[in-house]
file upload.cif (mmCIF, C-alpha atoms (C1' of nucleotides))
data_my_file
loop_
_atom_site.label_atom_id
_atom_site.label_comp_id
_atom_site.auth_asym_id
_atom_site.auth_seq_id
_atom_site.Cartn_x
_atom_site.Cartn_y
_atom_site.Cartn_z
CA MET K 1 107.25 92.46 150.03
CA ASP K 2 103.49 92.39 149.80
CA GLN K 3 100.90 91.59 147.16
CA THR K 4 101.28 95.02 145.55
CA ASP K 5 105.01 94.46 145.10
CA LYS K 6 104.35 91.08 143.58
CA LYS K 7 101.87 92.54 141.12
CA ILE K 8 104.49 95.07 140.08
CA LEU K 9 107.13 92.36 139.69
CA LYS K 10 104.84 90.27 137.50
CA LEU K 11 104.26 93.22 135.21
CA LEU K 12 107.98 94.04 135.04
CA GLN K 13 108.88 90.43 134.26
CA GLU K 14 106.38 90.52 131.42
CA ASP K 15 107.52 93.89 130.08
CA GLY K 16 110.56 95.64 131.51
CA SER K 17 109.90 98.86 129.63
CA ILE K 18 106.39 99.36 130.93
CA THR K 19 106.02 102.87 132.38
CA THR K 20 105.42 103.43 136.08
CA LYS K 21 102.40 105.40 134.98
CA GLU K 22 100.94 102.36 133.22
CA ILE K 23 101.70 100.11 136.20
CA ALA K 24 100.01 102.64 138.46
CA ARG K 25 96.95 102.61 136.23
CA ARG K 26 96.72 98.83 136.22
CA ILE K 27 97.05 98.33 139.96
CA HIS K 28 94.96 101.38 140.82
CA LEU K 29 97.62 103.53 142.46
CA SER K 30 99.31 106.83 141.66
CA ASN K 31 102.82 107.26 140.30
CA THR K 32 104.83 107.82 143.46
CA PRO K 33 104.12 104.65 145.44
CA VAL K 34 104.78 102.53 142.35
CA TYR K 35 107.98 104.45 141.75
CA GLU K 36 109.11 104.12 145.37
CA ARG K 37 108.34 100.40 145.48
CA ILE K 38 110.29 99.71 142.31
CA LYS K 39 113.30 101.71 143.52
CA LYS K 40 113.20 99.88 146.85
CA MET K 41 113.17 96.49 145.14
CA GLU K 42 116.02 97.55 142.89
CA ARG K 43 118.02 98.69 145.93
CA GLU K 44 117.34 95.44 147.79
CA GLY K 45 118.30 93.35 144.77
CA VAL K 46 114.89 91.78 144.24
CA ILE K 47 115.07 93.36 140.81
CA LYS K 48 118.60 92.64 139.60
CA LYS K 49 118.58 94.42 136.26
CA TYR K 50 116.71 95.10 133.05
CA VAL K 51 117.73 93.46 129.79
CA ALA K 52 116.70 93.32 126.16
CA VAL K 53 115.74 89.82 125.03
CA LEU K 54 117.12 89.13 121.58
CA ASN K 55 116.22 86.70 118.82
CA ARG K 56 118.67 83.78 118.70
CA GLU K 57 117.98 82.77 115.10
CA LYS K 58 118.40 86.31 113.77
CA LEU K 59 121.79 86.47 115.44
CA ASP K 60 123.09 83.23 113.95
CA ARG K 61 122.89 81.10 117.07
CA ASP K 62 120.62 78.33 115.88
CA LEU K 63 122.03 75.48 117.93
CA ILE K 64 121.70 74.91 121.66
CA VAL K 65 123.58 72.03 123.28
CA PHE K 66 123.49 70.84 126.86
CA CYS K 67 126.94 69.56 127.66
CA ASN K 68 127.44 67.31 130.68
CA VAL K 69 130.98 67.46 131.98
CA THR K 70 132.99 65.53 134.57
CA LEU K 71 136.24 66.77 136.06
CA LYS K 72 139.27 64.58 136.44
CA GLU K 73 139.30 62.95 139.82
CA HIS K 74 142.16 64.99 141.26
CA SER K 75 140.62 68.26 140.09
CA LYS K 76 137.27 67.92 141.80
CA ILE K 77 138.36 69.71 144.92
CA ILE K 78 140.23 72.41 143.01
CA GLY K 79 137.24 73.20 140.82
CA HIS K 80 138.00 76.91 140.90
CA LYS K 81 140.20 76.91 137.84
CA PHE K 82 137.51 75.15 135.80
CA VAL K 83 134.89 77.63 136.94
CA GLU K 84 137.07 80.55 135.84
CA ASP K 85 137.87 79.02 132.48
CA ILE K 86 134.30 78.05 131.69
CA THR K 87 132.86 81.41 132.73
CA ALA K 88 135.16 83.14 130.27
CA LEU K 89 133.68 81.25 127.29
CA GLU K 90 130.99 83.35 125.64
CA GLU K 91 129.37 80.32 124.00
CA VAL K 92 128.60 78.97 127.48
CA VAL K 93 125.53 80.95 128.45
CA GLU K 94 124.74 78.91 131.56
CA CYS K 95 126.73 76.62 133.84
CA TYR K 96 125.55 74.61 136.82
CA ASN K 97 127.19 72.40 139.39
CA ILE K 98 124.95 69.36 139.46
CA SER K 99 124.14 66.12 141.24
CA GLY K 100 124.38 62.74 139.54
CA ASP K 101 126.85 61.14 137.19
CA TYR K 102 128.31 64.43 135.94
CA ASP K 103 129.82 67.39 137.77
CA PHE K 104 128.68 70.29 135.60
CA LEU K 105 125.95 71.04 133.11
CA LEU K 106 126.68 73.64 130.45
CA LYS K 107 124.19 75.30 128.16
CA VAL K 108 126.08 76.14 125.00
CA MET K 109 124.84 78.40 122.23
CA VAL K 110 126.49 78.21 118.82
CA LYS K 111 125.77 78.84 115.15
CA ASP K 112 125.60 75.25 113.95
CA MET K 113 127.00 71.77 114.39
CA LYS K 114 130.31 72.73 112.82
CA ALA K 115 130.69 75.55 115.32
CA TYR K 116 129.88 73.14 118.15
CA GLN K 117 132.53 70.74 116.96
CA ASP K 118 134.96 73.64 117.02
CA PHE K 119 133.78 74.56 120.51
CA VAL K 120 134.38 71.08 121.90
CA LEU K 121 137.75 70.61 120.24
CA ASN K 122 139.30 74.05 120.63
CA ARG K 123 137.55 75.61 123.60
CA LEU K 124 136.55 72.81 125.95
CA GLY K 125 139.56 70.82 124.80
CA GLU K 126 141.86 73.57 126.01
CA ILE K 127 140.57 73.33 129.58
CA GLU K 128 142.83 71.03 131.56
CA ASN K 129 140.61 69.57 134.25
CA ILE K 130 137.94 68.03 132.08
CA GLY K 131 137.55 64.27 132.32
CA SER K 132 134.65 63.55 129.99
CA ALA K 133 131.87 65.37 128.16
CA HIS K 134 128.47 64.17 126.98
CA SER K 135 126.42 66.31 124.60
CA THR K 136 122.64 66.52 124.39
CA PHE K 137 121.38 68.45 121.38
CA VAL K 138 118.31 70.62 121.42
CA MET K 139 116.03 69.79 118.50
CA GLY K 140 113.20 72.11 119.49
CA GLU K 141 112.57 74.87 121.98
CA ILE K 142 109.15 74.15 123.49
CA LYS K 143 109.09 76.75 126.23
CA GLN K 144 111.51 79.52 127.14
CA SER K 145 110.66 81.87 129.96
CA TYR K 146 112.89 84.25 131.84
CA LYS K 147 110.25 84.66 134.51
CA ILE K 148 110.68 83.52 138.08
CA PRO K 149 107.36 81.96 139.12
CA ILE K 150 105.82 84.30 141.69
CA THR K 151 103.59 82.81 144.34
CA GLU K 152 100.58 84.72 145.59
CA MET W 1 122.34 94.61 110.51
CA ASP W 2 125.78 96.17 110.66
CA GLN W 3 128.45 96.72 113.30
CA THR W 4 126.63 99.74 114.72
CA ASP W 5 123.47 97.68 115.26
CA LYS W 6 125.51 95.00 116.99
CA LYS W 7 127.10 97.52 119.31
CA ILE W 8 123.63 98.76 120.23
CA LEU W 9 122.40 95.21 120.84
CA LYS W 10 125.34 94.44 123.10
CA LEU W 11 124.58 97.49 125.20
CA LEU W 12 120.88 96.65 125.39
CA GLN W 13 121.58 93.05 126.42
CA GLU W 14 123.76 94.37 129.21
CA ASP W 15 121.29 97.02 130.34
CA GLY W 16 117.82 97.20 128.86
CA SER W 17 117.01 100.51 130.50
CA ILE W 18 120.00 102.39 129.12
CA THR W 19 118.84 105.61 127.44
CA THR W 20 119.21 106.17 123.72
CA LYS W 21 121.10 109.28 124.65
CA GLU W 22 123.69 107.26 126.57
CA ILE W 23 123.99 104.72 123.75
CA ALA W 24 124.46 107.59 121.32
CA ARG W 25 127.21 109.01 123.50
CA ARG W 26 129.03 105.68 123.71
CA ILE W 27 128.98 104.88 120.02
CA HIS W 28 129.56 108.48 118.94
CA LEU W 29 126.27 109.17 117.21
CA SER W 30 123.35 111.50 117.83
CA ASN W 31 119.98 110.47 119.26
CA THR W 32 118.00 109.98 116.08
CA PRO W 33 119.97 107.23 114.30
CA VAL W 34 120.22 105.23 117.52
CA TYR W 35 116.50 105.63 118.09
CA GLU W 36 115.64 104.64 114.52
CA ARG W 37 117.93 101.61 114.60
CA ILE W 38 116.44 100.33 117.84
CA LYS W 39 112.87 100.78 116.57
CA LYS W 40 113.78 98.97 113.35
CA MET W 41 115.24 96.02 115.25
CA GLU W 42 112.17 95.90 117.50
CA ARG W 43 109.91 95.89 114.43
CA GLU W 44 111.93 93.14 112.75
CA GLY W 45 111.94 91.01 115.89
CA VAL W 46 115.68 91.07 116.46
CA ILE W 47 114.81 92.64 119.80
CA LYS W 48 111.92 90.54 121.10
CA LYS W 49 111.15 92.37 124.32
CA TYR W 50 112.51 93.97 127.45
CA VAL W 51 112.26 92.25 130.82
CA ALA W 52 113.18 92.79 134.45
CA VAL W 53 115.54 90.11 135.78
CA LEU W 54 114.52 89.11 139.29
CA ASN W 55 116.33 87.47 142.17
CA ARG W 56 115.36 83.81 142.52
CA GLU W 57 116.34 83.41 146.16
CA LYS W 58 114.44 86.49 147.27
CA LEU W 59 111.34 85.07 145.62
CA ASP W 60 111.51 81.70 147.34
CA ARG W 61 112.66 79.69 144.36
CA ASP W 62 115.89 78.27 145.70
CA LEU W 63 115.87 74.97 143.87
CA ILE W 64 116.48 74.36 140.17
CA VAL W 65 116.07 70.86 138.80
CA PHE W 66 116.71 69.58 135.29
CA CYS W 67 114.16 66.89 134.63
CA ASN W 68 114.73 64.45 131.78
CA VAL W 69 111.49 62.98 130.52
CA THR W 70 110.57 60.20 128.10
CA LEU W 71 107.13 59.81 126.57
CA LYS W 72 105.33 56.51 126.39
CA GLU W 73 106.08 54.80 123.12
CA HIS W 74 102.64 55.29 121.59
CA SER W 75 102.59 58.99 122.53
CA LYS W 76 105.76 60.03 120.78
CA ILE W 77 104.05 60.95 117.55
CA ILE W 78 101.17 62.69 119.31
CA GLY W 79 103.49 64.83 121.42
CA HIS W 80 101.20 67.85 121.10
CA LYS W 81 99.19 67.10 124.20
CA PHE W 82 102.33 66.79 126.30
CA VAL W 83 103.64 70.09 124.96
CA GLU W 84 100.41 71.83 125.88
CA ASP W 85 100.30 70.35 129.36
CA ILE W 86 103.92 71.08 130.15
CA THR W 87 103.79 74.66 128.87
CA ALA W 88 100.93 75.36 131.26
CA LEU W 89 103.04 74.52 134.33
CA GLU W 90 104.53 77.68 135.78
CA GLU W 91 107.28 75.76 137.61
CA VAL W 92 108.60 74.65 134.21
CA VAL W 93 110.53 77.70 133.06
CA GLU W 94 112.15 76.00 130.08
CA CYS W 95 111.39 72.93 128.00
CA TYR W 96 113.37 71.43 125.13
CA ASN W 97 112.88 68.58 122.74
CA ILE W 98 116.23 66.80 122.85
CA SER W 99 118.37 64.13 121.25
CA GLY W 100 119.59 61.10 123.19
CA ASP W 101 118.04 58.74 125.70
CA TYR W 102 115.27 61.15 126.75
CA ASP W 103 112.65 63.03 124.74
CA PHE W 104 112.39 66.28 126.68
CA LEU W 105 114.49 68.29 129.07
CA LEU W 106 112.67 70.49 131.56
CA LYS W 107 114.16 73.20 133.70
CA VAL W 108 112.06 73.35 136.82
CA MET W 109 112.15 76.11 139.43
CA VAL W 110 110.69 75.44 142.87
CA LYS W 111 111.02 76.55 146.50
CA ASP W 112 112.70 73.48 147.91
CA MET W 113 112.95 69.70 147.71
CA LYS W 114 109.53 69.24 149.26
CA ALA W 115 108.01 71.46 146.59
CA TYR W 116 109.82 69.46 143.91
CA GLN W 117 108.45 66.22 145.29
CA ASP W 118 105.01 67.78 145.08
CA PHE W 119 105.72 68.90 141.52
CA VAL W 120 106.72 65.40 140.38
CA LEU W 121 103.86 63.64 142.10
CA ASN W 122 100.98 66.03 141.53
CA ARG W 123 101.93 68.02 138.43
CA LEU W 124 104.08 65.77 136.25
CA GLY W 125 102.21 62.76 137.59
CA GLU W 126 98.96 64.16 136.22
CA ILE W 127 100.28 64.26 132.68
CA GLU W 128 99.28 61.09 130.88
CA ASN W 129 101.94 60.54 128.26
CA ILE W 130 104.99 60.46 130.49
CA GLY W 131 106.95 57.21 130.51
CA SER W 132 109.84 58.00 132.83
CA ALA W 133 111.54 60.95 134.48
CA HIS W 134 115.11 61.41 135.69
CA SER W 135 115.99 64.40 137.88
CA THR W 136 119.31 66.22 138.03
CA PHE W 137 119.57 68.69 140.88
CA VAL W 138 121.40 71.98 140.66
CA MET W 139 123.76 72.42 143.59
CA GLY W 140 125.31 75.66 142.41
CA GLU W 141 124.75 78.25 139.72
CA ILE W 142 128.16 78.98 138.21
CA LYS W 143 127.12 81.17 135.30
CA GLN W 144 123.77 82.54 134.24
CA SER W 145 123.56 84.86 131.27
CA TYR W 146 120.56 85.88 129.25
CA LYS W 147 122.82 87.23 126.54
CA ILE W 148 122.95 85.82 123.05
CA PRO W 149 126.65 85.77 122.06
CA ILE W 150 127.05 88.36 119.32
CA THR W 151 129.75 87.82 116.72
CA GLU W 152 131.67 90.77 115.31
"C1'" DA T 1 121.96 107.94 106.88
"C1'" DC T 2 123.06 111.54 109.98
"C1'" DT T 3 122.72 116.26 112.83
"C1'" DG T 4 120.26 119.48 115.62
"C1'" DA T 5 116.37 121.28 117.62
"C1'" DA T 6 111.72 121.34 119.30
"C1'" DA T 7 107.46 119.20 121.52
"C1'" DG T 8 105.42 116.07 124.39
"C1'" DA T 9 105.60 112.29 127.69
"C1'" DC T 10 107.68 110.25 131.54
"C1'" DG T 11 110.70 109.75 135.54
"C1'" DT T 12 111.77 111.95 139.76
"C1'" DC T 13 111.28 114.41 143.94
"C1'" DG T 14 109.39 117.69 147.48
"C1'" DA T 15 105.33 119.13 150.20
"C1'" DA T 16 101.22 117.71 152.28
"C1'" DT T 17 97.79 114.36 154.17
"C1'" DA R 1 102.06 104.74 152.86
"C1'" DT R 2 99.70 107.58 149.58
"C1'" DT R 3 98.22 111.85 146.51
"C1'" DC R 4 99.29 115.97 143.98
"C1'" DG R 5 102.09 119.12 141.51
"C1'" DA R 6 106.36 120.86 139.56
"C1'" DC R 7 110.84 120.25 137.33
"C1'" DG R 8 114.26 118.08 134.56
"C1'" DT R 9 115.31 114.49 131.39
"C1'" DC R 10 114.24 111.33 127.86
"C1'" DT R 11 111.65 109.77 123.93
"C1'" DT R 12 109.92 110.93 119.63
"C1'" DT R 13 109.45 113.59 115.53
"C1'" DC R 14 110.71 116.80 111.90
"C1'" DA R 15 113.29 119.96 108.95
"C1'" DG R 16 117.68 120.20 106.90
"C1'" DT R 17 122.25 118.28 105.18
#
call {"tool": "encode", "arguments": {"input": "upload.cif", "output": "C-alpha cells"}}
result
Amino acid sequence: MDQTDKKILKLLQEDGSITTKEIARRIHLSNTPVYERIKKMEREGVIKKYVAVLNREKLDRDLIVFCNVTLKEHSKIIGHKFVEDITALEEVVECYNISGDYDFLLKVMVKDMKAYQDFVLNRLGEIENIGSAHSTFVMGEIKQSYKIPITE
Amino acid sequence: MDQTDKKILKLLQEDGSITTKEIARRIHLSNTPVYERIKKMEREGVIKKYVAVLNREKLDRDLIVFCNVTLKEHSKIIGHKFVEDITALEEVVECYNISGDYDFLLKVMVKDMKAYQDFVLNRLGEIENIGSAHSTFVMGEIKQSYKIPITE
DNA sequence: ACTGAAAGACGTCGAAT
DNA sequence: ATTCGACGTCTTTCAGT
C-alpha cells in the first residue's frame, strides 16, 4: 500500500460514491490503475464495505447513551453469552470490552429518554450476567467521523 | 417517509454500492420509483452521504481509547475554543458533550500505546481549557455498526 | 406514484507498452 | 504498473398509464 493507495482511500472515505473516473482525474492517473487498486484493496479487506450514512434525527433516534456495564463476578470468564445477547440488540450500535472499573462500554441509540428507560428495564434487564450499569447521556454531538485517520 | 423508503434505507445502510436495479428487484418495483425515492431522501438529508468503511488494523490504528475530559471551571461557559481545538485533531474521531462527572467524551484512534501517550502529552496537553482527563482503553471490539436502527 | 424504454455515463476488462 | 479502447451494465430521464 503506497501513497497512491492512501490518496484513493482518503477520497473514498470522504465520498464512497465518487467515480473511479473522478478519482483518476484528481490523482492524475487513468481509469484502469485506479480501478485495479480499489479492487485489490477490496479483496485484501482494506476496504471492508460501502455504506450509506443516514440522519439520526430524521429517523427518530435523538438520544445516544454510553452505558458502562459490569458482569457478575462468576460470569466474567464465560463472557460469551453476554456478547451474543448484546450483539443481538439493535439499539446497541457499538460494544467494547474495556479496561477500568467496568467490563463493557455500550453505545446505545434510542428515540428518547422513555425509550432508554424501556431499553434498560426490558432489554438489558433480560440479560442474566449483568452486574451493574452506569449511563452517560450525550447532550451534544461535537464531532462524528467515520474516517480512519490515514498517515502519510 | 413510508415503509418502502425504510426498506430502501435498510438496504443502503447494509450496502451503499447496491444498484438501484437490485433494490428494485428486492422490493418488487421498477427502477424509476426507487431512483426517485433515493434522490428525494438525499435531497432532504435523510441520506447524508456514502462512505467507504476501512479496516482499522490494516491502516495502523490498532488502539481505540475513550478519553473523558473535564474543562477548567472558568472555561465551561466559553467551551467554543475547546470544541474548535478538539475538532481539528484527526486522532479524535468522535467527540460528545456528556452528562455526569466529565464534560466531554472523546473517541481517540491511534497506532499504539506509545502514540496515545504522545497524543495526551503533545496534542491534548496543548489545549488550554482542559482540567482533567481519564482514559478508558478498548481491549476488544465486540460490535461496531454504522447503522441507525430503523423502526418499522 | 408507477411502468417501460431509450440515451448517456460509468464500470469493467482485454490488448499493448 | 500504466494507457487506450471496446463492451456491457447502470444511472438518469421521459413519455405514458
call {"tool": "interface_residues", "arguments": {"input": "upload.cif", "of": "chain K", "to": "chain W", "cutoff": "6 Å", "atoms": "all atoms listed in the file", "output": "CSV table (one decimal) with C-alpha atoms, in the frame of the given file"}}
result
chain,number,residue,atom,x,y,z
K,12,LEU,CA,108.0,94.0,135.0
K,13,GLN,CA,108.9,90.4,134.3
K,15,ASP,CA,107.5,93.9,130.1
K,16,GLY,CA,110.6,95.6,131.5
K,17,SER,CA,109.9,98.9,129.6
K,46,VAL,CA,114.9,91.8,144.2
K,47,ILE,CA,115.1,93.4,140.8
K,48,LYS,CA,118.6,92.6,139.6
K,49,LYS,CA,118.6,94.4,136.3
K,50,TYR,CA,116.7,95.1,133.0
K,51,VAL,CA,117.7,93.5,129.8
K,52,ALA,CA,116.7,93.3,126.2
K,53,VAL,CA,115.7,89.8,125.0
K,54,LEU,CA,117.1,89.1,121.6
K,55,ASN,CA,116.2,86.7,118.8
K,93,VAL,CA,125.5,81.0,128.4
K,94,GLU,CA,124.7,78.9,131.6
K,95,CYS,CA,126.7,76.6,133.8
K,96,TYR,CA,125.6,74.6,136.8
K,97,ASN,CA,127.2,72.4,139.4
K,98,ILE,CA,125.0,69.4,139.5
K,99,SER,CA,124.1,66.1,141.2
K,136,THR,CA,122.6,66.5,124.4
K,137,PHE,CA,121.4,68.4,121.4
K,138,VAL,CA,118.3,70.6,121.4
K,139,MET,CA,116.0,69.8,118.5
K,140,GLY,CA,113.2,72.1,119.5
K,141,GLU,CA,112.6,74.9,122.0
K,142,ILE,CA,109.2,74.2,123.5
K,143,LYS,CA,109.1,76.8,126.2
K,144,GLN,CA,111.5,79.5,127.1
K,145,SER,CA,110.7,81.9,130.0
call {"tool": "resolve_selection", "arguments": {"input": "upload.cif", "expression": "the PyMOL selection byres ((chain R and resi 3) around 12)", "output": "list in words"}}
result
Leu29, Ser30, Asn31, Thr32 and Pro33 of chain K; DA15, DA16 and DT17 of chain T; DA1, DT2, DC4 and DG5 of chain R
call {"tool": "interface_residues", "arguments": {"input": "upload.cif", "of": "chain K", "to": "chain T", "cutoff": "9 Å", "atoms": "only C-alpha atoms (C1' of nucleotides)", "output": "PDB file with C-alpha atoms, in the coordinates of the input"}}
result
ATOM      1  CA  THR K  19     106.020 102.870 132.380  1.00  0.00           C
ATOM      2  CA  THR K  20     105.420 103.430 136.080  1.00  0.00           C
ATOM      3  CA  LYS K  21     102.400 105.400 134.980  1.00  0.00           C
ATOM      4  CA  THR K  32     104.830 107.820 143.460  1.00  0.00           C
ATOM      5  CA  TYR K  35     107.980 104.450 141.750  1.00  0.00           C
TER       6      TYR K  35
END
call {"tool": "interface_residues", "arguments": {"input": "upload.cif", "of": "chain R", "to": "chain W", "cutoff": "12 Å", "atoms": "only C-alpha atoms (C1' of nucleotides)", "output": "count of residues only"}}
result
6
call {"tool": "atom_distance", "arguments": {"input": "upload.cif", "atom1": "atom CA of W:His134", "atom2": "atom CA of W:Val69"}}
result
6.5 Å
call {"tool": "atom_distance", "arguments": {"input": "upload.cif", "atom1": "atom CA of W:His80", "atom2": "atom CA of W:Val120"}}
result
20.2 Å
call {"tool": "residues_around", "arguments": {"input": "upload.cif", "residues": "K:Gln3", "least_positions_apart": "4", "cutoff": "9 Å", "atoms": "all atoms listed in the file", "output": "PyMOL selection string"}}
result
chain K and resi 7-8+152
call {"tool": "atom_distance", "arguments": {"input": "upload.cif", "atom1": "atom CA of K:Ser132", "atom2": "atom CA of K:Thr70"}}
result
5.3 Å
call {"tool": "build_atoms", "arguments": {"input": "upload.cif", "residues": "stretch 111-142 of chain K", "atoms": "N, CA and C atoms", "output": "PDB file, in the coordinates of the input"}}
result
ATOM      1  N   LYS K 111     126.409  78.629 116.437  1.00  0.00           N
ATOM      2  CA  LYS K 111     125.770  78.840 115.150  1.00  0.00           C
ATOM      3  C   LYS K 111     125.191  77.542 114.580  1.00  0.00           C
ATOM      4  N   ASP K 112     126.018  76.536 114.528  1.00  0.00           N
ATOM      5  CA  ASP K 112     125.600  75.250 113.950  1.00  0.00           C
ATOM      6  C   ASP K 112     126.484  74.121 114.478  1.00  0.00           C
ATOM      7  N   MET K 113     126.280  72.937 113.903  1.00  0.00           N
ATOM      8  CA  MET K 113     127.000  71.770 114.390  1.00  0.00           C
ATOM      9  C   MET K 113     128.508  71.889 114.196  1.00  0.00           C
ATOM     10  N   LYS K 114     128.888  72.505 113.102  1.00  0.00           N
ATOM     11  CA  LYS K 114     130.310  72.730 112.820  1.00  0.00           C
ATOM     12  C   LYS K 114     130.926  73.613 113.899  1.00  0.00           C
ATOM     13  N   ALA K 115     130.196  74.636 114.283  1.00  0.00           N
ATOM     14  CA  ALA K 115     130.690  75.550 115.320  1.00  0.00           C
ATOM     15  C   ALA K 115     130.771  74.828 116.667  1.00  0.00           C
ATOM     16  N   TYR K 116     129.842  73.877 116.885  1.00  0.00           N
ATOM     17  CA  TYR K 116     129.880  73.140 118.150  1.00  0.00           C
ATOM     18  C   TYR K 116     131.087  72.208 118.196  1.00  0.00           C
ATOM     19  N   GLN K 117     131.348  71.596 117.061  1.00  0.00           N
ATOM     20  CA  GLN K 117     132.530  70.740 116.960  1.00  0.00           C
ATOM     21  C   GLN K 117     133.783  71.552 117.303  1.00  0.00           C
ATOM     22  N   ASP K 118     133.842  72.745 116.743  1.00  0.00           N
ATOM     23  CA  ASP K 118     134.960  73.640 117.020  1.00  0.00           C
ATOM     24  C   ASP K 118     135.020  73.998 118.499  1.00  0.00           C
ATOM     25  N   PHE K 119     133.843  74.230 119.089  1.00  0.00           N
ATOM     26  CA  PHE K 119     133.780  74.560 120.510  1.00  0.00           C
ATOM     27  C   PHE K 119     134.358  73.442 121.372  1.00  0.00           C
ATOM     28  N   VAL K 120     133.930  72.214 121.092  1.00  0.00           N
ATOM     29  CA  VAL K 120     134.380  71.080 121.900  1.00  0.00           C
ATOM     30  C   VAL K 120     135.882  70.833 121.730  1.00  0.00           C
ATOM     31  N   LEU K 121     136.335  70.886 120.489  1.00  0.00           N
ATOM     32  CA  LEU K 121     137.750  70.610 120.240  1.00  0.00           C
ATOM     33  C   LEU K 121     138.664  71.721 120.746  1.00  0.00           C
ATOM     34  N   ASN K 122     138.359  72.952 120.373  1.00  0.00           N
ATOM     35  CA  ASN K 122     139.300  74.050 120.630  1.00  0.00           C
ATOM     36  C   ASN K 122     139.042  74.860 121.898  1.00  0.00           C
ATOM     37  N   ARG K 123     137.824  74.831 122.396  1.00  0.00           N
ATOM     38  CA  ARG K 123     137.550  75.610 123.600  1.00  0.00           C
ATOM     39  C   ARG K 123     137.550  74.703 124.829  1.00  0.00           C
ATOM     40  N   LEU K 124     136.596  73.759 124.849  1.00  0.00           N
ATOM     41  CA  LEU K 124     136.550  72.810 125.950  1.00  0.00           C
ATOM     42  C   LEU K 124     137.848  72.018 126.034  1.00  0.00           C
ATOM     43  N   GLY K 125     138.347  71.632 124.872  1.00  0.00           N
ATOM     44  CA  GLY K 125     139.560  70.820 124.800  1.00  0.00           C
ATOM     45  C   GLY K 125     140.763  71.493 125.439  1.00  0.00           C
ATOM     46  N   GLU K 126     140.741  72.810 125.450  1.00  0.00           N
ATOM     47  CA  GLU K 126     141.860  73.570 126.010  1.00  0.00           C
ATOM     48  C   GLU K 126     141.846  73.577 127.544  1.00  0.00           C
ATOM     49  N   ILE K 127     140.681  73.292 128.118  1.00  0.00           N
ATOM     50  CA  ILE K 127     140.570  73.330 129.580  1.00  0.00           C
ATOM     51  C   ILE K 127     141.104  72.029 130.166  1.00  0.00           C
ATOM     52  N   GLU K 128     142.036  72.163 131.088  1.00  0.00           N
ATOM     53  CA  GLU K 128     142.830  71.030 131.560  1.00  0.00           C
ATOM     54  C   GLU K 128     142.054  69.990 132.372  1.00  0.00           C
ATOM     55  N   ASN K 129     141.182  70.461 133.249  1.00  0.00           N
ATOM     56  CA  ASN K 129     140.610  69.570 134.250  1.00  0.00           C
ATOM     57  C   ASN K 129     139.525  68.610 133.767  1.00  0.00           C
ATOM     58  N   ILE K 130     139.091  68.798 132.527  1.00  0.00           N
ATOM     59  CA  ILE K 130     137.940  68.030 132.080  1.00  0.00           C
ATOM     60  C   ILE K 130     138.236  66.551 131.858  1.00  0.00           C
ATOM     61  N   GLY K 131     137.394  65.702 132.471  1.00  0.00           N
ATOM     62  CA  GLY K 131     137.550  64.270 132.320  1.00  0.00           C
ATOM     63  C   GLY K 131     136.778  63.766 131.118  1.00  0.00           C
ATOM     64  N   SER K 132     135.470  63.995 131.112  1.00  0.00           N
ATOM     65  CA  SER K 132     134.650  63.550 129.990  1.00  0.00           C
ATOM     66  C   SER K 132     133.528  64.540 129.726  1.00  0.00           C
ATOM     67  N   ALA K 133     132.956  64.470 128.529  1.00  0.00           N
ATOM     68  CA  ALA K 133     131.870  65.370 128.160  1.00  0.00           C
ATOM     69  C   ALA K 133     130.829  64.606 127.356  1.00  0.00           C
ATOM     70  N   HIS K 134     129.564  64.821 127.700  1.00  0.00           N
ATOM     71  CA  HIS K 134     128.470  64.170 126.980  1.00  0.00           C
ATOM     72  C   HIS K 134     127.486  65.214 126.496  1.00  0.00           C
ATOM     73  N   SER K 135     127.243  65.246 125.177  1.00  0.00           N
ATOM     74  CA  SER K 135     126.420  66.310 124.600  1.00  0.00           C
ATOM     75  C   SER K 135     124.988  65.881 124.335  1.00  0.00           C
ATOM     76  N   THR K 136     124.061  66.725 124.707  1.00  0.00           N
ATOM     77  CA  THR K 136     122.640  66.520 124.390  1.00  0.00           C
ATOM     78  C   THR K 136     122.187  67.689 123.525  1.00  0.00           C
ATOM     79  N   PHE K 137     121.728  67.388 122.319  1.00  0.00           N
ATOM     80  CA  PHE K 137     121.380  68.450 121.380  1.00  0.00           C
ATOM     81  C   PHE K 137     119.912  68.848 121.460  1.00  0.00           C
ATOM     82  N   VAL K 138     119.686  70.130 121.405  1.00  0.00           N
ATOM     83  CA  VAL K 138     118.310  70.620 121.420  1.00  0.00           C
ATOM     84  C   VAL K 138     117.743  70.606 120.004  1.00  0.00           C
ATOM     85  N   MET K 139     116.657  69.867 119.818  1.00  0.00           N
ATOM     86  CA  MET K 139     116.030  69.790 118.500  1.00  0.00           C
ATOM     87  C   MET K 139     114.912  70.814 118.384  1.00  0.00           C
ATOM     88  N   GLY K 140     114.286  71.118 119.506  1.00  0.00           N
ATOM     89  CA  GLY K 140     113.200  72.110 119.490  1.00  0.00           C
ATOM     90  C   GLY K 140     113.064  72.804 120.829  1.00  0.00           C
ATOM     91  N   GLU K 141     112.784  74.095 120.765  1.00  0.00           N
ATOM     92  CA  GLU K 141     112.570  74.870 121.980  1.00  0.00           C
ATOM     93  C   GLU K 141     111.058  74.917 122.219  1.00  0.00           C
ATOM     94  N   ILE K 142     110.584  74.205 123.234  1.00  0.00           N
ATOM     95  CA  ILE K 142     109.150  74.150 123.490  1.00  0.00           C
ATOM     96  C   ILE K 142     108.693  75.339 124.310  1.00  0.00           C
TER      97      ILE K 142
END
